[in-house]
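Asker: Enclosed is the structure file upload19.json (JSON, N, CA and C atoms).
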[["chain", "number", "residue", "atom", "x", "y", "z"],
["A", 21, "MET", "N", -9.73, 29.02, 123.38],
["A", 21, "MET", "CA", -9.37, 28.01, 124.35],
["A", 21, "MET", "C", -8.84, 26.76, 123.67],
["A", 22, "LEU", "N", -9.46, 26.36, 122.59],
["A", 22, "LEU", "CA", -9.01, 25.17, 121.87],
["A", 22, "LEU", "C", -7.64, 25.40, 121.25],
["A", 23, "LEU", "N", -7.41, 26.60, 120.75],
["A", 23, "LEU", "CA", -6.10, 26.93, 120.18],
["A", 23, "LEU", "C", -5.02, 26.93, 121.26],
["A", 24, "GLU", "N", -5.35, 27.43, 122.43],
["A", 24, "GLU", "CA", -4.39, 27.41, 123.54],
["A", 24, "GLU", "C", -4.06, 25.98, 123.94],
["A", 25, "ALA", "N", -5.06, 25.12, 124.02],
["A", 25, "ALA", "CA", -4.84, 23.73, 124.42],
["A", 25, "ALA", "C", -4.00, 22.99, 123.38],
["A", 26, "LEU", "N", -4.33, 23.18, 122.12],
["A", 26, "LEU", "CA", -3.57, 22.52, 121.05],
["A", 26, "LEU", "C", -2.14, 23.04, 121.00],
["A", 27, "SER", "N", -1.98, 24.33, 121.13],
["A", 27, "SER", "CA", -0.64, 24.92, 121.11],
["A", 27, "SER", "C", 0.20, 24.47, 122.30],
["A", 28, "SER", "N", -0.41, 24.40, 123.46],
["A", 28, "SER", "CA", 0.35, 23.97, 124.63],
["A", 28, "SER", "C", 0.69, 22.48, 124.56],
["A", 29, "ALA", "N", -0.19, 21.66, 123.99],
["A", 29, "ALA", "CA", 0.13, 20.24, 123.82],
["A", 29, "ALA", "C", 1.29, 20.06, 122.85],
["A", 30, "ILE", "N", 1.30, 20.81, 121.77],
["A", 30, "ILE", "CA", 2.41, 20.74, 120.81],
["A", 30, "ILE", "C", 3.69, 21.25, 121.44],
["A", 31, "LEU", "N", 3.60, 22.30, 122.23],
["A", 31, "LEU", "CA", 4.77, 22.84, 122.93],
["A", 31, "LEU", "C", 5.32, 21.82, 123.92],
["A", 32, "GLY", "N", 4.46, 21.18, 124.69],
["A", 32, "GLY", "CA", 4.89, 20.16, 125.64],
["A", 32, "GLY", "C", 5.51, 18.96, 124.95],
["A", 33, "LEU", "N", 4.96, 18.57, 123.82],
["A", 33, "LEU", "CA", 5.52, 17.47, 123.05],
["A", 33, "LEU", "C", 6.90, 17.82, 122.50],
["A", 34, "ALA", "N", 7.05, 19.04, 122.04],
["A", 34, "ALA", "CA", 8.35, 19.48, 121.52],
["A", 34, "ALA", "C", 9.39, 19.55, 122.62],
["A", 35, "LEU", "N", 9.02, 20.04, 123.79],
["A", 35, "LEU", "CA", 9.96, 20.09, 124.91],
["A", 35, "LEU", "C", 10.35, 18.69, 125.37],
["A", 36, "ALA", "N", 9.39, 17.79, 125.43],
["A", 36, "ALA", "CA", 9.68, 16.41, 125.84],
["A", 36, "ALA", "C", 10.54, 15.72, 124.80],
["A", 37, "TRP", "N", 10.27, 15.94, 123.52],
["A", 37, "TRP", "CA", 11.08, 15.34, 122.46],
["A", 37, "TRP", "C", 12.52, 15.84, 122.54],
["A", 38, "ALA", "N", 12.69, 17.13, 122.81],
["A", 38, "ALA", "CA", 14.04, 17.68, 122.95],
["A", 38, "ALA", "C", 14.75, 17.08, 124.15],
["A", 39, "ALA", "N", 14.02, 16.87, 125.24],
["A", 39, "ALA", "CA", 14.63, 16.26, 126.42],
["A", 39, "ALA", "C", 15.03, 14.81, 126.15],
["A", 40, "VAL", "N", 14.19, 14.07, 125.43],
["A", 40, "VAL", "CA", 14.49, 12.68, 125.11],
["A", 40, "VAL", "C", 15.74, 12.58, 124.24],
["A", 41, "HIS", "N", 15.88, 13.48, 123.30],
["A", 41, "HIS", "CA", 17.03, 13.42, 122.41],
["A", 41, "HIS", "C", 18.29, 14.00, 123.03],
["A", 42, "ARG", "N", 18.14, 14.90, 123.97],
["A", 42, "ARG", "CA", 19.30, 15.51, 124.60],
["A", 42, "ARG", "C", 19.83, 14.69, 125.78],
["A", 43, "LEU", "N", 18.93, 14.08, 126.55],
["A", 43, "LEU", "CA", 19.32, 13.35, 127.75],
["A", 43, "LEU", "C", 18.72, 11.94, 127.79],
["A", 44, "PRO", "N", 18.97, 11.10, 126.80],
["A", 44, "PRO", "CA", 18.32, 9.78, 126.80],
["A", 44, "PRO", "C", 18.79, 8.86, 127.92],
["A", 45, "HIS", "N", 20.02, 9.03, 128.37],
["A", 45, "HIS", "CA", 20.56, 8.16, 129.41],
["A", 45, "HIS", "C", 20.08, 8.52, 130.81],
["A", 46, "ARG", "N", 19.49, 9.68, 130.97],
["A", 46, "ARG", "CA", 19.04, 10.13, 132.30],
["A", 46, "ARG", "C", 17.53, 10.12, 132.46],
["A", 47, "LEU", "N", 16.81, 9.67, 131.44],
["A", 47, "LEU", "CA", 15.34, 9.68, 131.48],
["A", 47, "LEU", "C", 14.78, 8.27, 131.37],
["A", 48, "PRO", "N", 13.57, 8.05, 131.89],
["A", 48, "PRO", "CA", 12.94, 6.73, 131.73],
["A", 48, "PRO", "C", 12.46, 6.52, 130.30],
["A", 49, "ALA", "N", 11.53, 5.62, 130.10],
["A", 49, "ALA", "CA", 11.04, 5.26, 128.77],
["A", 49, "ALA", "C", 10.51, 6.47, 128.01],
["A", 50, "ARG", "N", 10.67, 6.43, 126.71],
["A", 50, "ARG", "CA", 10.31, 7.56, 125.84],
["A", 50, "ARG", "C", 8.83, 7.92, 125.95],
["A", 51, "HIS", "N", 7.95, 6.92, 125.95],
["A", 51, "HIS", "CA", 6.51, 7.23, 125.98],
["A", 51, "HIS", "C", 6.11, 7.91, 127.29],
["A", 52, "MET", "N", 6.80, 7.56, 128.37],
["A", 52, "MET", "CA", 6.49, 8.22, 129.65],
["A", 52, "MET", "C", 6.93, 9.68, 129.63],
["A", 53, "VAL", "N", 8.08, 9.95, 129.05],
["A", 53, "VAL", "CA", 8.59, 11.31, 128.98],
["A", 53, "VAL", "C", 7.69, 12.16, 128.09],
["A", 54, "LEU", "N", 7.31, 11.63, 126.94],
["A", 54, "LEU", "CA", 6.46, 12.39, 126.01],
["A", 54, "LEU", "C", 5.09, 12.68, 126.62],
["A", 55, "SER", "N", 4.51, 11.70, 127.28],
["A", 55, "SER", "CA", 3.19, 11.95, 127.88],
["A", 55, "SER", "C", 3.28, 12.90, 129.08],
["A", 56, "THR", "N", 4.38, 12.84, 129.83],
["A", 56, "THR", "CA", 4.56, 13.77, 130.94],
["A", 56, "THR", "C", 4.71, 15.20, 130.45],
["A", 57, "GLY", "N", 5.44, 15.38, 129.36],
["A", 57, "GLY", "CA", 5.61, 16.72, 128.79],
["A", 57, "GLY", "C", 4.30, 17.32, 128.32],
["A", 58, "VAL", "N", 3.50, 16.52, 127.65],
["A", 58, "VAL", "CA", 2.20, 17.00, 127.16],
["A", 58, "VAL", "C", 1.25, 17.28, 128.32],
["A", 59, "ALA", "N", 1.20, 16.35, 129.29],
["A", 59, "ALA", "CA", 0.30, 16.54, 130.43],
["A", 59, "ALA", "C", 0.70, 17.76, 131.25],
["A", 60, "GLY", "N", 1.99, 17.97, 131.44],
["A", 60, "GLY", "CA", 2.44, 19.15, 132.18],
["A", 60, "GLY", "C", 2.10, 20.44, 131.47],
["A", 61, "ALA", "N", 2.25, 20.44, 130.16],
["A", 61, "ALA", "CA", 1.92, 21.64, 129.40],
["A", 61, "ALA", "C", 0.42, 21.93, 129.42],
["A", 62, "LEU", "N", -0.38, 20.89, 129.30],
["A", 62, "LEU", "CA", -1.83, 21.10, 129.36],
["A", 62, "LEU", "C", -2.28, 21.59, 130.73],
["A", 63, "PHE", "N", -1.68, 21.03, 131.78],
["A", 63, "PHE", "CA", -2.01, 21.49, 133.13],
["A", 63, "PHE", "C", -1.56, 22.93, 133.35],
["A", 64, "GLY", "N", -0.38, 23.28, 132.87],
["A", 64, "GLY", "CA", 0.11, 24.65, 132.99],
["A", 64, "GLY", "C", -0.77, 25.63, 132.23],
["A", 65, "ALA", "N", -1.21, 25.24, 131.05],
["A", 65, "ALA", "CA", -2.11, 26.11, 130.28],
["A", 65, "ALA", "C", -3.45, 26.27, 130.98],
["A", 66, "PHE", "N", -3.94, 25.19, 131.57],
["A", 66, "PHE", "CA", -5.20, 25.26, 132.31],
["A", 66, "PHE", "C", -5.10, 26.22, 133.49],
["A", 67, "VAL", "N", -4.02, 26.10, 134.25],
["A", 67, "VAL", "CA", -3.85, 26.96, 135.43],
["A", 67, "VAL", "C", -3.71, 28.42, 135.01],
["A", 68, "MET", "N", -2.89, 28.67, 133.99],
["A", 68, "MET", "CA", -2.68, 30.05, 133.55],
["A", 68, "MET", "C", -3.95, 30.64, 132.93],
["A", 69, "HIS", "N", -4.68, 29.84, 132.18],
["A", 69, "HIS", "CA", -5.93, 30.33, 131.59],
["A", 69, "HIS", "C", -6.96, 30.62, 132.68],
["A", 70, "SER", "N", -7.00, 29.78, 133.70],
["A", 70, "SER", "CA", -7.93, 30.02, 134.81],
["A", 70, "SER", "C", -7.56, 31.27, 135.60],
["A", 71, "ALA", "N", -6.27, 31.52, 135.73],
["A", 71, "ALA", "CA", -5.83, 32.68, 136.50],
["A", 71, "ALA", "C", -5.98, 33.99, 135.72],
["A", 72, "LEU", "N", -5.75, 33.95, 134.42],
["A", 72, "LEU", "CA", -5.71, 35.19, 133.64],
["A", 72, "LEU", "C", -6.93, 35.44, 132.78],
["A", 73, "ASP", "N", -7.69, 34.40, 132.49],
["A", 73, "ASP", "CA", -8.84, 34.47, 131.59],
["A", 73, "ASP", "C", -8.36, 34.59, 130.15],
["A", 74, "ALA", "N", -9.25, 34.78, 129.23],
["A", 74, "ALA", "CA", -8.92, 34.77, 127.80],
["A", 74, "ALA", "C", -8.17, 36.03, 127.38],
["A", 75, "GLY", "N", -7.44, 35.92, 126.30],
["A", 75, "GLY", "CA", -6.77, 37.08, 125.73],
["A", 75, "GLY", "C", -5.29, 37.18, 126.03],
["A", 76, "HIS", "N", -4.74, 36.25, 126.77],
["A", 76, "HIS", "CA", -3.33, 36.29, 127.12],
["A", 76, "HIS", "C", -2.65, 35.01, 126.62],
["A", 77, "VAL", "N", -2.67, 34.80, 125.33],
["A", 77, "VAL", "CA", -2.21, 33.53, 124.75],
["A", 77, "VAL", "C", -0.73, 33.32, 125.00],
["A", 78, "LEU", "N", 0.09, 34.31, 124.82],
["A", 78, "LEU", "CA", 1.53, 34.13, 125.00],
["A", 78, "LEU", "C", 1.90, 33.84, 126.44],
["A", 79, "ILE", "N", 1.22, 34.48, 127.37],
["A", 79, "ILE", "CA", 1.50, 34.23, 128.79],
["A", 79, "ILE", "C", 1.01, 32.83, 129.18],
["A", 80, "VAL", "N", -0.10, 32.40, 128.61],
["A", 80, "VAL", "CA", -0.60, 31.05, 128.87],
["A", 80, "VAL", "C", 0.40, 30.02, 128.34],
["A", 81, "LEU", "N", 0.94, 30.25, 127.17],
["A", 81, "LEU", "CA", 1.94, 29.33, 126.61],
["A", 81, "LEU", "C", 3.23, 29.35, 127.41],
["A", 82, "LEU", "N", 3.60, 30.49, 127.94],
["A", 82, "LEU", "CA", 4.78, 30.57, 128.80],
["A", 82, "LEU", "C", 4.57, 29.76, 130.08],
["A", 83, "GLY", "N", 3.40, 29.87, 130.67],
["A", 83, "GLY", "CA", 3.07, 29.07, 131.84],
["A", 83, "GLY", "C", 3.04, 27.58, 131.53],
["A", 84, "ALA", "N", 2.53, 27.24, 130.34],
["A", 84, "ALA", "CA", 2.52, 25.83, 129.93],
["A", 84, "ALA", "C", 3.94, 25.29, 129.78],
["A", 85, "ALA", "N", 4.82, 26.09, 129.22],
["A", 85, "ALA", "CA", 6.21, 25.66, 129.04],
["A", 85, "ALA", "C", 6.91, 25.50, 130.40],
["A", 86, "ILE", "N", 6.64, 26.40, 131.32],
["A", 86, "ILE", "CA", 7.27, 26.33, 132.64],
["A", 86, "ILE", "C", 6.83, 25.08, 133.39],
["A", 87, "VAL", "N", 5.55, 24.78, 133.39],
["A", 87, "VAL", "CA", 5.06, 23.61, 134.10],
["A", 87, "VAL", "C", 5.51, 22.33, 133.41],
["A", 88, "SER", "N", 5.58, 22.34, 132.08],
["A", 88, "SER", "CA", 6.05, 21.17, 131.34],
["A", 88, "SER", "C", 7.51, 20.87, 131.65],
["A", 89, "VAL", "N", 8.34, 21.89, 131.66],
["A", 89, "VAL", "CA", 9.76, 21.69, 131.98],
["A", 89, "VAL", "C", 9.93, 21.25, 133.43],
["A", 90, "ALA", "N", 9.13, 21.81, 134.32],
["A", 90, "ALA", "CA", 9.22, 21.42, 135.73],
["A", 90, "ALA", "C", 8.81, 19.95, 135.91],
["A", 91, "SER", "N", 7.78, 19.52, 135.22],
["A", 91, "SER", "CA", 7.37, 18.12, 135.36],
["A", 91, "SER", "C", 8.37, 17.18, 134.70],
["A", 92, "LEU", "N", 8.99, 17.60, 133.61],
["A", 92, "LEU", "CA", 10.03, 16.78, 132.99],
["A", 92, "LEU", "C", 11.27, 16.70, 133.86],
["A", 93, "SER", "N", 11.57, 17.74, 134.59],
["A", 93, "SER", "CA", 12.75, 17.72, 135.44],
["A", 93, "SER", "C", 12.60, 16.73, 136.60],
["A", 94, "LEU", "N", 11.37, 16.42, 136.95],
["A", 94, "LEU", "CA", 11.14, 15.44, 138.01],
["A", 94, "LEU", "C", 11.47, 14.01, 137.57],
["A", 95, "LEU", "N", 11.57, 13.79, 136.27],
["A", 95, "LEU", "CA", 11.88, 12.45, 135.75],
["A", 95, "LEU", "C", 13.37, 12.18, 135.64],
["A", 96, "LEU", "N", 14.20, 13.21, 135.77],
["A", 96, "LEU", "CA", 15.64, 13.04, 135.59],
["A", 96, "LEU", "C", 16.25, 12.18, 136.68],
["A", 97, "ARG", "N", 17.16, 11.31, 136.26],
["A", 97, "ARG", "CA", 17.94, 10.50, 137.19],
["A", 97, "ARG", "C", 19.31, 11.12, 137.34],
["A", 98, "PRO", "N", 20.03, 10.78, 138.41],
["A", 98, "PRO", "CA", 21.39, 11.30, 138.57],
["A", 98, "PRO", "C", 22.29, 10.83, 137.43],
["A", 99, "ALA", "N", 23.28, 11.65, 137.09],
["A", 99, "ALA", "CA", 24.15, 11.33, 135.96],
["A", 99, "ALA", "C", 25.06, 10.15, 136.25],
["A", 100, "GLY", "N", 25.66, 10.13, 137.40],
["A", 100, "GLY", "CA", 26.58, 9.05, 137.74],
["A", 100, "GLY", "C", 26.02, 8.17, 138.84],
["A", 101, "ARG", "N", 26.82, 7.22, 139.22],
["A", 101, "ARG", "CA", 26.41, 6.36, 140.34],
["A", 101, "ARG", "C", 26.51, 7.13, 141.64],
["A", 102, "LEU", "N", 25.53, 6.97, 142.47],
["A", 102, "LEU", "CA", 25.56, 7.61, 143.77],
["A", 102, "LEU", "C", 26.49, 6.82, 144.70],
["A", 103, "ARG", "N", 27.29, 7.53, 145.44],
["A", 103, "ARG", "CA", 28.14, 6.88, 146.41],
["A", 103, "ARG", "C", 27.41, 6.92, 147.75],
["A", 104, "ARG", "N", 27.12, 5.77, 148.25],
["A", 104, "ARG", "CA", 26.41, 5.69, 149.52],
["A", 104, "ARG", "C", 27.39, 5.27, 150.59],
["A", 105, "ARG", "N", 27.40, 6.00, 151.66],
["A", 105, "ARG", "CA", 28.24, 5.65, 152.79],
["A", 105, "ARG", "C", 27.35, 5.12, 153.90],
["A", 106, "SER", "N", 27.89, 4.22, 154.63],
["A", 106, "SER", "CA", 27.13, 3.72, 155.76],
["A", 106, "SER", "C", 27.20, 4.75, 156.89],
["A", 107, "ALA", "N", 26.30, 4.63, 157.81],
["A", 107, "ALA", "CA", 26.25, 5.58, 158.92],
["A", 107, "ALA", "C", 27.44, 5.44, 159.85],
["A", 108, "THR", "N", 28.05, 4.28, 159.85],
["A", 108, "THR", "CA", 29.18, 4.05, 160.75],
["A", 108, "THR", "C", 30.52, 4.45, 160.13],
["A", 109, "ALA", "N", 30.56, 4.69, 158.85],
["A", 109, "ALA", "CA", 31.85, 4.99, 158.19],
["A", 109, "ALA", "C", 32.26, 6.43, 158.35]]
Let's see the structure in the file written out as structure tokens.

Answerer:
Amino acid sequence: MLLEALSSAILGLALAWAAVHRLPHRLPARHMVLSTGVAGALFGAFVMHSALDAGHVLIVLLGAAIVSVASLSLLLRPAGRLRRRSATA
């Protein structure tokens, strides 16, 4: 269990670091992105470990990566300026 938690935290940190370096203009502050990636990965590992029990380390890490990427995607801002039209136009 400790190895799964440590591995998923490192995986979440790596995914968040990659997102920060790939999309810096579309993400908020770096520390928020890094902590969101780690927290999402730990939560994903917890859910997968609870659902599958011990012995499925690769599947637990896959679930951690999926939840981490999903939580990081919630932080993305639109690439360009949004065009807002009034209701009367």

Asker: Go ahead and compute the interatomic distance for atom CA of A:Ala49 and atom CA of A:Met68, in Å to one decimal.

Answerer: 28.7 Å

Asker: What is the atom CA of A:Ala85 to atom CA of A:His45 distance in Å?

Answerer: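 Atom-to-atom, atom CA of A:Ala85 and atom CA of A:His45 are spaced 22.6 Å apart.
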
Asker: Using Å and a single decimal, report how far atom CA of A:His69 sits from atom CA of A:Leu95.

Answerer: 25.6 Å

Asker: Looking at A:Leu72, A:Val80, A:Val67, A:Leu43, which one is nearest to A:Glu24, with distances taken over all atoms listed in the file?

Answerer: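 Closest to A:Glu24 of all the choices is A:Val80.
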
Asker: Give me the residues near A:Met21 as a list in words, where near means some atom within 10 Å (using only C-alpha atoms) and where sequence neighbours in that chain fewer than 4 positions away do not count.

Answerer: Ala25, Leu26, Ser27, Ala65, Phe66, His69, Asp73, Ala74, Gly75 and Val77 of chain A

Asker: Extending 5 Å beyond the listed atoms of stretch 82-85 of chain A on each side, what axis-aligned box results? I want centre and edge lengths in Å to one decimal, as AutoDock Vina command-line options.

Answerer:
--center_x 4.7 --center_y 27.9 --center_z 129.9 --size_x 14.4 --size_y 15.3 --size_z 13.9

Asker: So that each row is one residue of stretch 64-100 of chain A with an atom at most 8 Å from stretch 32-42 of chain A, can you give its shortest atom pair and the distance in Å to one decimal, using only N, CA and C atoms, rows by chain and rising number, as JSON lines?

Answerer:
{"residue": "A:Ala84", "atom": "C", "partner": "A:Gly32", "partner_atom": "N", "distance": 6.6}
{"residue": "A:Ala85", "atom": "CA", "partner": "A:Gly32", "partner_atom": "N", "distance": 6.5}
{"residue": "A:Ser88", "atom": "CA", "partner": "A:Gly32", "partner_atom": "CA", "distance": 5.9}
{"residue": "A:Val89", "atom": "N", "partner": "A:Gly32", "partner_atom": "CA", "distance": 7.2}
{"residue": "A:Leu92", "atom": "CA", "partner": "A:Ala36", "partner_atom": "CA", "distance": 7.2}

Asker: Using only N, CA and C atoms, can you tell me which of A:Gly100, A:Leu23, A:Ala71, A:Gly60 comes closest to A:Ile86?

Answerer: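 Closest candidate: A:Gly60.
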
Asker: When you count only C-alpha atoms, which of these residues is closest to A:Val53: A:Leu94, A:Val87, A:Ile79, A:Ala99?

Answerer: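 Among A:Leu94, A:Val87, A:Ile79, A:Ala99, it is A:Leu94 that comes nearest to A:Val53.
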
Asker: Determine, counting only C-alpha atoms, which protein, DNA and RNA residues have an atom within 6 Å of an atom of stretch 28-30 of chain A; residues of the same chain fewer than 5 positions away are not included. Present the result as JSON, numbers by chain.

Answerer: {"A": [58, 61, 62, 81]}
